[in-house]
Amino acid sequence: MHSWFPGAISHVIRAVFWVFVTIPSAMVAAQSQGSTTTPSSLPQEMTDGLIRYALETDNPFDALVLVDKQAKDRNRIAELLAYQAFGMPNIAGKGLSQLEKTKPKLSNIEKYQLGKLYYERGDCIASLKAFNSLKSRIPETFRERQVYYRSHCILTLGGPVKAAQALSQPLSGQWVASAYYNLAMEYASRNVSKTKALVSLRVAKDLNYGDSSYAEELNDRIHLAAGKLYLDSEKPTLASDFLKKVRVDSLFTAQAQYLLGLSYIQQQDFRGATQIWSLNKKFPLIAPGVAESYLGTPFAFEGAGYAAQALEAYVEASDIFEAEIETITNITGLIEKYSTREVLLEDSKKKDLQWFLKQDVARNTQRAAYYKAVLDDADAYRLINLYYELESLHSGLNYWLTQFEVFEAQLASRIKTSVKKQSKALARLQDSQKKLVKRTQSNSIAAKSASVARSLEAIAKRAAYLKSALASEVLEKDYRPELKRLKNSIKKQNARLVSLLSKLDQEIDQSAIRLLRELNDALVVKYEKAEQGLIHTLEVLAEARTRRTNRLDGRYQ
Amino acid sequence: MLSRFLSPIKTVSFALLFLLVSSLSLGQTPQNEAKKAPTQLELDAEAIKKELIDLNRELYRFEESLLHPNNTQLVVFLSLAEGTRFQLDSLELQLDGQLISSHLYQDQEITALLGGGIQRLYIGSITTGKHKLSGKFNGKGRANYYKRDKSLFFTKDKGAKYLQIVISDSPADGAPLFKVKQW
């Protein structure tokens with residue numbers, strides 16, 4: 001998933017259930033109650049259902065664990081989808097090439113899955129081909145997604161008109177609403193028809209029902225985009241109406257407030273603009289729309305006729321940009337000293353990180369802003385995602401080691417109990433055997449009896465068995481070697497994971513430092529703008545205060 | 001007097017404002033991300049992930065053979081019949097009067113079940129003989145909200161026992177219907 005948040009208004013929703021602070025939890029899920037079970041012992045239908053459930057609930061790791069040799073043939077596409085979702089696109093790609101060569105007969109659901117797989121891999125032509133081969137209906141829940149994937153691909157390949165045709169189906173929900181939102185953004189970006197973009201946004205809003213966090217976020221995006229479009233069309237009143245609907249605790253509040261200020265400027269309400277922009281001061285400076293608000297405020301003061309406040313606002317903007325540049329330098333230094341994870345992503349107990357960081361990410365807005373800025377960068381996100389995937393696998397392996405310690409303790413306890421019981425039984429048996437032998441020796445009749453002889457023989461055999469069991473070979477033979485082998489495998493993989501994690505850590509740091517440099521450069525530009533504005537205002541003020549005669553006086557030229 | 005020097009500032013500021021507005025433009029189109037060649041690190045990560053999947057498969061098998069051997073194993077599953085409108089909110093499962101599983105459903109899980117997914121609710125070990133499985137199901141039907149208590153008596157023989165609860169809608173009033181498949 002890539003960052004869709006480069007400017008103030010996000011443009012495209014590619015992955016509908018994207019969460020900006022995602023920590024992958026493949027292994028965590030696998031460790032919990034566990035959705036995996038021994039697949040080979042299950043009926044086929046059941047295994048297939050479990051795989052599908054794991055896949056659709058975003059647990060590709062569980063799905064892959066379930067796809068064993070027996071289930072592989074029946075779940076080829078599901079397996080490839082799981083590989084793709086678990087960050088293994090090369091293995092998925094190889095599997096897909098093999099599949100293309102064999103051209104197997106696919107069920108309807110498999111055709112849908114294949115279309116989705118191609119979509120995830122960015123191959124829109126193949127994706128559309130797979131979706132078009134669907135002959136009969138698939139469950140409605142999949143149809144909504146299919147409409148989303150198809151419209152996205154058509155938008156990429158054929159443009160908005162064809163995409164709009166593909167969307168004209170009696171379906172609703174977040175997937176279809178997101179598709180309409182994307183369509184609106186496409187219309188807007190092509191500058192063909194703002195009306196079509198606005199109509200698409202309206203449809204998106206109507207189809208976006210429910211009160212889930214995603215539905216609310218999409219509504220915020222729709223309001224923000226509609227506000228921006230009306231602002232561009234110089235309809236500030238309509239723009240204000242939409243921008244005011246963006247929730248105050250949304251991801252887009254700062255951007256909406258900045259645009260709202262602009263709409264006030266268009267309405268010549270300079271005072272309103274300064275007021276709304278001053279509200280943006282509570283947000284971190286690097287959040288989109290905040291630095292712009294700082295730069296816009298002096299202009300609004302000038303418009304309102306407050307030259308002195310305009311000067312102060314420029315000074316304030318300049319100071320705050322300078323301070324933030326210093327913050328970025330400090331963060332860069334800290335990342336070089338520790339790591340991005342310690343400085344931005346995880347809790348840290350280190351004393352020199354306390355000034356900037358608090359334990360609670362949600363309340364520490366400055367840290368949260370940098371945290372979000374790093375995760376919004378596609379490269380950094382990919383690396384961080386991979387890091388936490390591997391780290392959760394590492395924790396998973398450690399979990400197994402702990403489990404095995406428990407198993408071993410249980411095994412030892414079972415063996416101990418068994419030995420105790422068997423010792424007593426053996427003692428009893430040996431005692432009985434001795435007594436019987438004595439009695440048979442004293443009684444000549446018994447010696448002639450075959451049945452007594454057989455009993456004696458059986459007792460002797462039983463005693464021999466117990467002796468061997470006493471050495472706990474039975475239990476040992478069953479589990480101990482397997483336990484040892486698996487423990488060795490875990491330790492070996494753990495060592496590899498640790499080495500890989502260390503390399504990834506370095507790459508994340510490089511990526512974060514590059515991003516911080518970019519942020520720094522952007523702030524330097526803004527700082528210079530604030531300084532220029534300040535100088536210009538001072539010049540104009542000075543000029544106004546200079547007597548006309550002086551200005552015309554050749555000595556002052 | 002102020003109006004005399006407002007105009008030049010305004011000119012500068014409008015230029016500034018234009019820059020600000022254009023920096024917030026909508027102008028990106030939905031294109032697929034450019035495919036990047038995988039780095040060595042990513043290839044290594046894939047290789048290790050593949051091995052870990054295989055290892056985990058073995059580990060789960062081993063754990064199950066230790067904790068829930070085949071002759072004592074009971075597994076309970078849940079699925080929704082195709083086209084079911086009943087929106088399950090929560091469920092509680094009891095085995096012989098003991099709570100063994102409870103679950104609150106999210107949209108994504110319902111979607112997975114509607115798409116033919118099967119959820120494993122419980123895995124454990126029980127003795128052979130007669131047992132009682134009870135379930136409390138809460139959820140929204142076509143028109144009403146339903147709370148249903150259902151029970152099933154079953155006999156555990158030698159070998160693993162699989163129980164699959166299948167929920168569907170009553171064609172008459174949309175109330176949930178519960179069937180149990182025994183494997």
# chains A, B, ... in the order shown; residues from 1 in each chain; ligands from 1
call {"tool": "residues_around", "arguments": {"residues": "B:His131", "least_positions_apart": "6", "cutoff": "12 Å", "atoms": "only C-alpha atoms", "output": "PyMOL selection string"}}
result
chain B and resi 74+94-98+151-157+161
call {"tool": "closest_residue", "arguments": {"among": "A:Leu81, A:Leu198, A:Leu436, A:Met185", "to": "chain B", "atoms": "only C-alpha atoms"}}
result
A:Met185
call {"tool": "residues_around", "arguments": {"residues": "A:Ile138", "least_positions_apart": "6", "cutoff": "10 Å", "atoms": "only C-alpha atoms", "output": "ChimeraX atom specification"}}
result
/A:108-109,111-112,144,146 /B:115
call {"tool": "write_last_selection", "arguments": {"atoms": "all heavy atoms", "output": "PDB file, in the first residue's frame"}}
result
ATOM      1  N   ASN A 108     -15.851 -19.956 -10.108  1.00  0.00           N
ATOM      2  CA  ASN A 108     -16.201 -18.540 -10.147  1.00  0.00           C
ATOM      3  C   ASN A 108     -15.463 -17.726  -9.097  1.00  0.00           C
ATOM      4  O   ASN A 108     -14.962 -16.645  -9.384  1.00  0.00           O
ATOM      5  CB  ASN A 108     -17.711 -18.413  -9.930  1.00  0.00           C
ATOM      6  CG  ASN A 108     -18.353 -17.699 -11.076  1.00  0.00           C
ATOM      7  OD1 ASN A 108     -17.779 -17.611 -12.161  1.00  0.00           O
ATOM      8  ND2 ASN A 108     -19.523 -17.172 -10.850  1.00  0.00           N
ATOM      9  N   ILE A 109     -15.403 -18.290  -7.897  1.00  0.00           N
ATOM     10  CA  ILE A 109     -14.704 -17.588  -6.812  1.00  0.00           C
ATOM     11  C   ILE A 109     -13.219 -17.467  -7.152  1.00  0.00           C
ATOM     12  O   ILE A 109     -12.592 -16.428  -6.904  1.00  0.00           O
ATOM     13  CB  ILE A 109     -14.899 -18.350  -5.471  1.00  0.00           C
ATOM     14  CG1 ILE A 109     -16.331 -18.186  -4.969  1.00  0.00           C
ATOM     15  CG2 ILE A 109     -13.898 -17.910  -4.414  1.00  0.00           C
ATOM     16  CD1 ILE A 109     -16.673 -16.811  -4.416  1.00  0.00           C
ATOM     17  N   LYS A 111     -11.930 -17.237 -10.096  1.00  0.00           N
ATOM     18  CA  LYS A 111     -11.761 -16.194 -11.121  1.00  0.00           C
ATOM     19  C   LYS A 111     -11.745 -14.819 -10.460  1.00  0.00           C
ATOM     20  O   LYS A 111     -10.965 -13.942 -10.830  1.00  0.00           O
ATOM     21  CB  LYS A 111     -12.894 -16.269 -12.150  1.00  0.00           C
ATOM     22  CG  LYS A 111     -12.716 -17.405 -13.140  1.00  0.00           C
ATOM     23  CD  LYS A 111     -13.919 -17.504 -14.045  1.00  0.00           C
ATOM     24  CE  LYS A 111     -13.836 -18.762 -14.897  1.00  0.00           C
ATOM     25  NZ  LYS A 111     -15.109 -19.047 -15.567  1.00  0.00           N
ATOM     26  N   TYR A 112     -12.625 -14.657  -9.467  1.00  0.00           N
ATOM     27  CA  TYR A 112     -12.651 -13.393  -8.727  1.00  0.00           C
ATOM     28  C   TYR A 112     -11.309 -13.191  -8.012  1.00  0.00           C
ATOM     29  O   TYR A 112     -10.715 -12.108  -8.064  1.00  0.00           O
ATOM     30  CB  TYR A 112     -13.814 -13.394  -7.723  1.00  0.00           C
ATOM     31  CG  TYR A 112     -13.633 -12.408  -6.599  1.00  0.00           C
ATOM     32  CD1 TYR A 112     -13.855 -11.043  -6.801  1.00  0.00           C
ATOM     33  CD2 TYR A 112     -13.210 -12.831  -5.336  1.00  0.00           C
ATOM     34  CE1 TYR A 112     -13.646 -10.134  -5.776  1.00  0.00           C
ATOM     35  CE2 TYR A 112     -13.000 -11.928  -4.310  1.00  0.00           C
ATOM     36  CZ  TYR A 112     -13.227 -10.578  -4.537  1.00  0.00           C
ATOM     37  OH  TYR A 112     -13.010  -9.688  -3.519  1.00  0.00           O
ATOM     38  N   GLU A 144     -19.142  -6.246  -4.586  1.00  0.00           N
ATOM     39  CA  GLU A 144     -18.833  -4.843  -4.282  1.00  0.00           C
ATOM     40  C   GLU A 144     -17.338  -4.572  -4.494  1.00  0.00           C
ATOM     41  O   GLU A 144     -16.947  -3.563  -5.063  1.00  0.00           O
ATOM     42  CB  GLU A 144     -19.189  -4.527  -2.829  1.00  0.00           C
ATOM     43  CG  GLU A 144     -20.679  -4.435  -2.592  1.00  0.00           C
ATOM     44  CD  GLU A 144     -21.025  -4.405  -1.119  1.00  0.00           C
ATOM     45  OE1 GLU A 144     -20.135  -4.146  -0.295  1.00  0.00           O
ATOM     46  OE2 GLU A 144     -22.201  -4.664  -0.803  1.00  0.00           O
ATOM     47  N   GLN A 146     -15.316  -6.387  -6.316  1.00  0.00           N
ATOM     48  CA  GLN A 146     -14.978  -6.572  -7.719  1.00  0.00           C
ATOM     49  C   GLN A 146     -15.268  -5.285  -8.505  1.00  0.00           C
ATOM     50  O   GLN A 146     -14.473  -4.877  -9.359  1.00  0.00           O
ATOM     51  CB  GLN A 146     -15.796  -7.741  -8.278  1.00  0.00           C
ATOM     52  CG  GLN A 146     -15.454  -8.096  -9.701  1.00  0.00           C
ATOM     53  CD  GLN A 146     -16.685  -8.480 -10.480  1.00  0.00           C
ATOM     54  OE1 GLN A 146     -17.751  -8.706  -9.926  1.00  0.00           O
ATOM     55  NE2 GLN A 146     -16.548  -8.568 -11.777  1.00  0.00           N
TER      56      GLN A 146
ATOM     57  N   GLY B 115     -18.716 -14.986   2.444  1.00  0.00           N
ATOM     58  CA  GLY B 115     -17.989 -15.376   1.229  1.00  0.00           C
ATOM     59  C   GLY B 115     -17.569 -16.842   1.251  1.00  0.00           C
ATOM     60  O   GLY B 115     -16.698 -17.230   0.473  1.00  0.00           O
TER      61      GLY B 115
END
call {"tool": "atom_distance", "arguments": {"atom1": "atom CA of A:Ala92", "atom2": "atom CA of A:Leu80"}}
result
4.9 Å
call {"tool": "select_by_dssp", "arguments": {"residues": "chain B", "states": "alpha helix (DSSP H)", "output": "number ranges by chain"}}
result
B: 2-23, 40-67, 107-114
call {"tool": "select_by_dssp", "arguments": {"residues": "stretch 103-143 of chain B", "states": "strand (DSSP E)", "output": "PyMOL selection string"}}
result
chain B and resi 103-104+119-125+129-140
call {"tool": "atom_distance", "arguments": {"atom1": "atom CA of A:Tyr181", "atom2": "atom CA of A:Val203"}}
result
8.4 Å
call {"tool": "closest_residue", "arguments": {"among": "B:Ala112, B:Ile100, B:Val75, B:Ala143", "to": "chain A", "atoms": "only C-alpha atoms"}}
result
B:Ala112
call {"tool": "atom_distance", "arguments": {"atom1": "atom CA of A:Phe299", "atom2": "atom CA of A:Leu311"}}
result
9.7 Å
call {"tool": "residues_around", "arguments": {"residues": "stretch 248-252 of chain A", "least_positions_apart": "4", "cutoff": "9 Å", "atoms": "only C-alpha atoms", "output": "list in words"}}
result
Ala8, Ile9, Glu216, Glu217, Asp220, Arg221, Leu224, Lys244, Ala256, Gln257, Pro288 and Gly289 of chain A
call {"tool": "residues_around", "arguments": {"residues": "A:Lys245", "least_positions_apart": "2", "cutoff": "10 Å", "atoms": "only C-alpha atoms", "output": "list in words"}}
result
Asn219, Asp220, Ile222, His223, Leu224, Gly227, Ser240, Asp241, Phe242, Leu243, Arg247, Val248, Thr253 and Ala256 of chain A
call {"tool": "write_last_selection", "arguments": {"atoms": "all heavy atoms", "output": "mmCIF file, in the first residue's frame"}}
result
data_model
loop_
_atom_site.group_PDB
_atom_site.id
_atom_site.type_symbol
_atom_site.label_atom_id
_atom_site.label_comp_id
_atom_site.auth_asym_id
_atom_site.auth_seq_id
_atom_site.Cartn_x
_atom_site.Cartn_y
_atom_site.Cartn_z
ATOM 1 N N ASN A 219 -16.180 10.101 4.538
ATOM 2 C CA ASN A 219 -17.029 11.300 4.520
ATOM 3 C C ASN A 219 -16.191 12.562 4.640
ATOM 4 O O ASN A 219 -16.436 13.549 3.940
ATOM 5 C CB ASN A 219 -18.031 11.248 5.677
ATOM 6 C CG ASN A 219 -19.344 10.629 5.235
ATOM 7 O OD1 ASN A 219 -19.632 10.576 4.040
ATOM 8 N ND2 ASN A 219 -20.117 10.149 6.179
ATOM 9 N N ASP A 220 -15.194 12.510 5.518
ATOM 10 C CA ASP A 220 -14.312 13.680 5.676
ATOM 11 C C ASP A 220 -13.592 13.990 4.371
ATOM 12 O O ASP A 220 -13.469 15.145 3.964
ATOM 13 C CB ASP A 220 -13.273 13.426 6.774
ATOM 14 C CG ASP A 220 -13.892 13.459 8.156
ATOM 15 O OD1 ASP A 220 -14.925 14.116 8.319
ATOM 16 O OD2 ASP A 220 -13.346 12.794 9.061
ATOM 17 N N ILE A 222 -14.600 13.235 1.390
ATOM 18 C CA ILE A 222 -15.569 13.732 0.409
ATOM 19 C C ILE A 222 -15.838 15.220 0.661
ATOM 20 O O ILE A 222 -15.825 16.036 -0.267
ATOM 21 C CB ILE A 222 -16.874 12.898 0.474
ATOM 22 C CG1 ILE A 222 -16.606 11.472 -0.033
ATOM 23 C CG2 ILE A 222 -17.999 13.558 -0.320
ATOM 24 C CD1 ILE A 222 -17.720 10.478 0.243
ATOM 25 N N HIS A 223 -16.050 15.578 1.937
ATOM 26 C CA HIS A 223 -16.333 16.992 2.253
ATOM 27 C C HIS A 223 -15.152 17.886 1.907
ATOM 28 O O HIS A 223 -15.314 18.978 1.372
ATOM 29 C CB HIS A 223 -16.684 17.125 3.745
ATOM 30 C CG HIS A 223 -17.985 16.473 4.081
ATOM 31 N ND1 HIS A 223 -18.179 15.746 5.231
ATOM 32 C CD2 HIS A 223 -19.156 16.399 3.406
ATOM 33 C CE1 HIS A 223 -19.408 15.280 5.248
ATOM 34 N NE2 HIS A 223 -20.025 15.654 4.153
ATOM 35 N N LEU A 224 -13.974 17.397 2.225
ATOM 36 C CA LEU A 224 -12.768 18.176 1.940
ATOM 37 C C LEU A 224 -12.605 18.395 0.430
ATOM 38 O O LEU A 224 -12.346 19.512 -0.036
ATOM 39 C CB LEU A 224 -11.552 17.432 2.494
ATOM 40 C CG LEU A 224 -10.230 18.166 2.456
ATOM 41 C CD1 LEU A 224 -10.226 19.306 3.459
ATOM 42 C CD2 LEU A 224 -9.084 17.221 2.793
ATOM 43 N N GLY A 227 -15.230 20.737 -0.920
ATOM 44 C CA GLY A 227 -14.878 22.101 -0.518
ATOM 45 C C GLY A 227 -13.798 22.670 -1.412
ATOM 46 O O GLY A 227 -13.878 23.813 -1.877
ATOM 47 N N SER A 240 -17.328 26.650 1.912
ATOM 48 C CA SER A 240 -17.371 26.724 3.378
ATOM 49 C C SER A 240 -18.336 25.686 3.946
ATOM 50 O O SER A 240 -18.037 25.024 4.942
ATOM 51 C CB SER A 240 -17.849 28.095 3.850
ATOM 52 O OG SER A 240 -17.064 29.084 3.314
ATOM 53 N N ASP A 241 -19.501 25.574 3.299
ATOM 54 C CA ASP A 241 -20.506 24.619 3.804
ATOM 55 C C ASP A 241 -19.924 23.215 3.903
ATOM 56 O O ASP A 241 -20.152 22.502 4.877
ATOM 57 C CB ASP A 241 -21.730 24.596 2.869
ATOM 58 C CG ASP A 241 -22.521 25.886 2.965
ATOM 59 O OD1 ASP A 241 -22.255 26.651 3.922
ATOM 60 O OD2 ASP A 241 -23.365 26.136 2.081
ATOM 61 N N PHE A 242 -19.192 22.812 2.872
ATOM 62 C CA PHE A 242 -18.628 21.453 2.892
ATOM 63 C C PHE A 242 -17.459 21.339 3.873
ATOM 64 O O PHE A 242 -17.356 20.372 4.608
ATOM 65 C CB PHE A 242 -18.174 21.042 1.482
ATOM 66 C CG PHE A 242 -19.311 20.547 0.642
ATOM 67 C CD1 PHE A 242 -19.916 21.368 -0.296
ATOM 68 C CD2 PHE A 242 -19.795 19.254 0.806
ATOM 69 C CE1 PHE A 242 -20.980 20.909 -1.061
ATOM 70 C CE2 PHE A 242 -20.858 18.794 0.045
ATOM 71 C CZ PHE A 242 -21.450 19.629 -0.887
ATOM 72 N N LEU A 243 -16.609 22.360 3.862
ATOM 73 C CA LEU A 243 -15.402 22.277 4.707
ATOM 74 C C LEU A 243 -15.750 22.264 6.187
ATOM 75 O O LEU A 243 -15.057 21.645 6.992
ATOM 76 C CB LEU A 243 -14.459 23.437 4.379
ATOM 77 C CG LEU A 243 -13.857 23.356 2.975
ATOM 78 C CD1 LEU A 243 -13.213 24.673 2.583
ATOM 79 C CD2 LEU A 243 -12.833 22.221 2.888
ATOM 80 N N ARG A 247 -14.977 16.629 10.302
ATOM 81 C CA ARG A 247 -14.999 16.512 11.774
ATOM 82 C C ARG A 247 -13.768 17.197 12.399
ATOM 83 O O ARG A 247 -12.687 17.195 11.803
ATOM 84 C CB ARG A 247 -15.008 15.035 12.195
ATOM 85 C CG ARG A 247 -16.301 14.313 11.872
ATOM 86 C CD ARG A 247 -16.129 12.838 12.078
ATOM 87 N NE ARG A 247 -15.004 12.348 11.279
ATOM 88 C CZ ARG A 247 -14.247 11.312 11.607
ATOM 89 N NH1 ARG A 247 -14.486 10.646 12.705
ATOM 90 N NH2 ARG A 247 -13.245 10.931 10.834
ATOM 91 N N VAL A 248 -13.942 17.693 13.609
ATOM 92 C CA VAL A 248 -12.828 18.416 14.247
ATOM 93 C C VAL A 248 -11.708 17.478 14.693
ATOM 94 O O VAL A 248 -10.583 17.910 14.897
ATOM 95 C CB VAL A 248 -13.297 19.257 15.465
ATOM 96 C CG1 VAL A 248 -14.046 20.478 15.025
ATOM 97 C CG2 VAL A 248 -14.108 18.417 16.436
ATOM 98 N N THR A 253 -8.571 17.673 9.502
ATOM 99 C CA THR A 253 -9.081 18.915 10.089
ATOM 100 C C THR A 253 -8.208 20.119 9.736
ATOM 101 O O THR A 253 -8.724 21.170 9.341
ATOM 102 C CB THR A 253 -9.170 18.777 11.621
ATOM 103 O OG1 THR A 253 -9.834 17.557 11.902
ATOM 104 C CG2 THR A 253 -9.933 19.915 12.246
ATOM 105 N N ALA A 256 -8.741 21.137 6.208
ATOM 106 C CA ALA A 256 -10.073 21.721 6.015
ATOM 107 C C ALA A 256 -10.091 23.145 6.559
ATOM 108 O O ALA A 256 -10.650 24.054 5.930
ATOM 109 C CB ALA A 256 -11.115 20.864 6.708
#
call {"tool": "decode", "arguments": {"residues": "stretch 153-171 of chain B", "atoms": "N, CA, C and O atoms", "output": "compact mmCIF listing (two decimals), in the first residue's frame"}}
result
# COMPACT_ATOMS: atom_id res chain seq x y z
N PHE B 153 -27.11 -32.32 21.84
CA PHE B 153 -26.50 -33.45 22.54
C PHE B 153 -25.76 -34.29 21.51
O PHE B 153 -26.32 -34.56 20.44
N PHE B 154 -24.58 -34.65 21.80
CA PHE B 154 -23.84 -35.47 20.84
C PHE B 154 -23.00 -36.50 21.59
O PHE B 154 -22.74 -36.36 22.79
N THR B 155 -22.61 -37.52 20.84
CA THR B 155 -21.81 -38.58 21.45
C THR B 155 -20.41 -38.53 20.84
O THR B 155 -20.25 -38.47 19.63
N LYS B 156 -19.46 -38.53 21.71
CA LYS B 156 -18.06 -38.54 21.24
C LYS B 156 -17.58 -39.99 21.24
O LYS B 156 -17.58 -40.64 22.29
N ASP B 157 -17.23 -40.45 20.04
CA ASP B 157 -16.68 -41.81 19.94
C ASP B 157 -15.17 -41.70 19.86
O ASP B 157 -14.60 -40.64 20.05
N LYS B 158 -14.57 -42.82 19.51
CA LYS B 158 -13.12 -42.77 19.28
C LYS B 158 -12.87 -41.94 18.01
O LYS B 158 -13.68 -41.95 17.10
N GLY B 159 -11.79 -41.27 17.95
CA GLY B 159 -11.48 -40.43 16.78
C GLY B 159 -11.94 -39.01 17.01
O GLY B 159 -12.75 -38.74 17.90
N ALA B 160 -11.42 -38.10 16.18
CA ALA B 160 -11.74 -36.68 16.35
C ALA B 160 -13.20 -36.42 16.00
O ALA B 160 -13.78 -37.10 15.16
N LYS B 161 -13.77 -35.42 16.68
CA LYS B 161 -15.17 -35.05 16.41
C LYS B 161 -15.20 -33.61 15.93
O LYS B 161 -14.66 -32.71 16.58
N TYR B 162 -15.82 -33.41 14.77
CA TYR B 162 -15.94 -32.05 14.23
C TYR B 162 -17.42 -31.66 14.17
O TYR B 162 -18.22 -32.40 13.59
N LEU B 163 -17.75 -30.52 14.76
CA LEU B 163 -19.12 -30.03 14.72
C LEU B 163 -19.13 -28.69 13.97
O LEU B 163 -18.37 -27.79 14.32
N GLN B 164 -19.97 -28.59 12.96
CA GLN B 164 -20.04 -27.35 12.18
C GLN B 164 -21.43 -26.73 12.34
O GLN B 164 -22.42 -27.32 11.91
N ILE B 165 -21.46 -25.56 12.97
CA ILE B 165 -22.74 -24.85 13.13
C ILE B 165 -22.97 -24.03 11.86
O ILE B 165 -22.12 -23.21 11.49
N VAL B 166 -24.09 -24.27 11.20
CA VAL B 166 -24.40 -23.53 9.96
C VAL B 166 -25.63 -22.66 10.21
O VAL B 166 -26.68 -23.17 10.59
N ILE B 167 -25.47 -21.36 10.00
CA ILE B 167 -26.60 -20.44 10.21
C ILE B 167 -27.18 -20.05 8.86
O ILE B 167 -26.44 -19.74 7.92
N SER B 168 -28.49 -20.07 8.79
CA SER B 168 -29.16 -19.61 7.56
C SER B 168 -30.40 -18.80 7.95
O SER B 168 -30.69 -18.66 9.14
N ASP B 169 -31.11 -18.28 6.96
CA ASP B 169 -32.33 -17.49 7.24
C ASP B 169 -33.56 -18.35 7.00
O ASP B 169 -33.59 -19.17 6.08
N SER B 170 -34.57 -18.08 7.81
CA SER B 170 -35.85 -18.72 7.53
C SER B 170 -36.48 -17.99 6.34
O SER B 170 -36.54 -16.75 6.34
N PRO B 171 -36.91 -18.73 5.31
CA PRO B 171 -37.49 -18.05 4.15
C PRO B 171 -38.76 -17.28 4.51
O PRO B 171 -39.10 -16.30 3.87
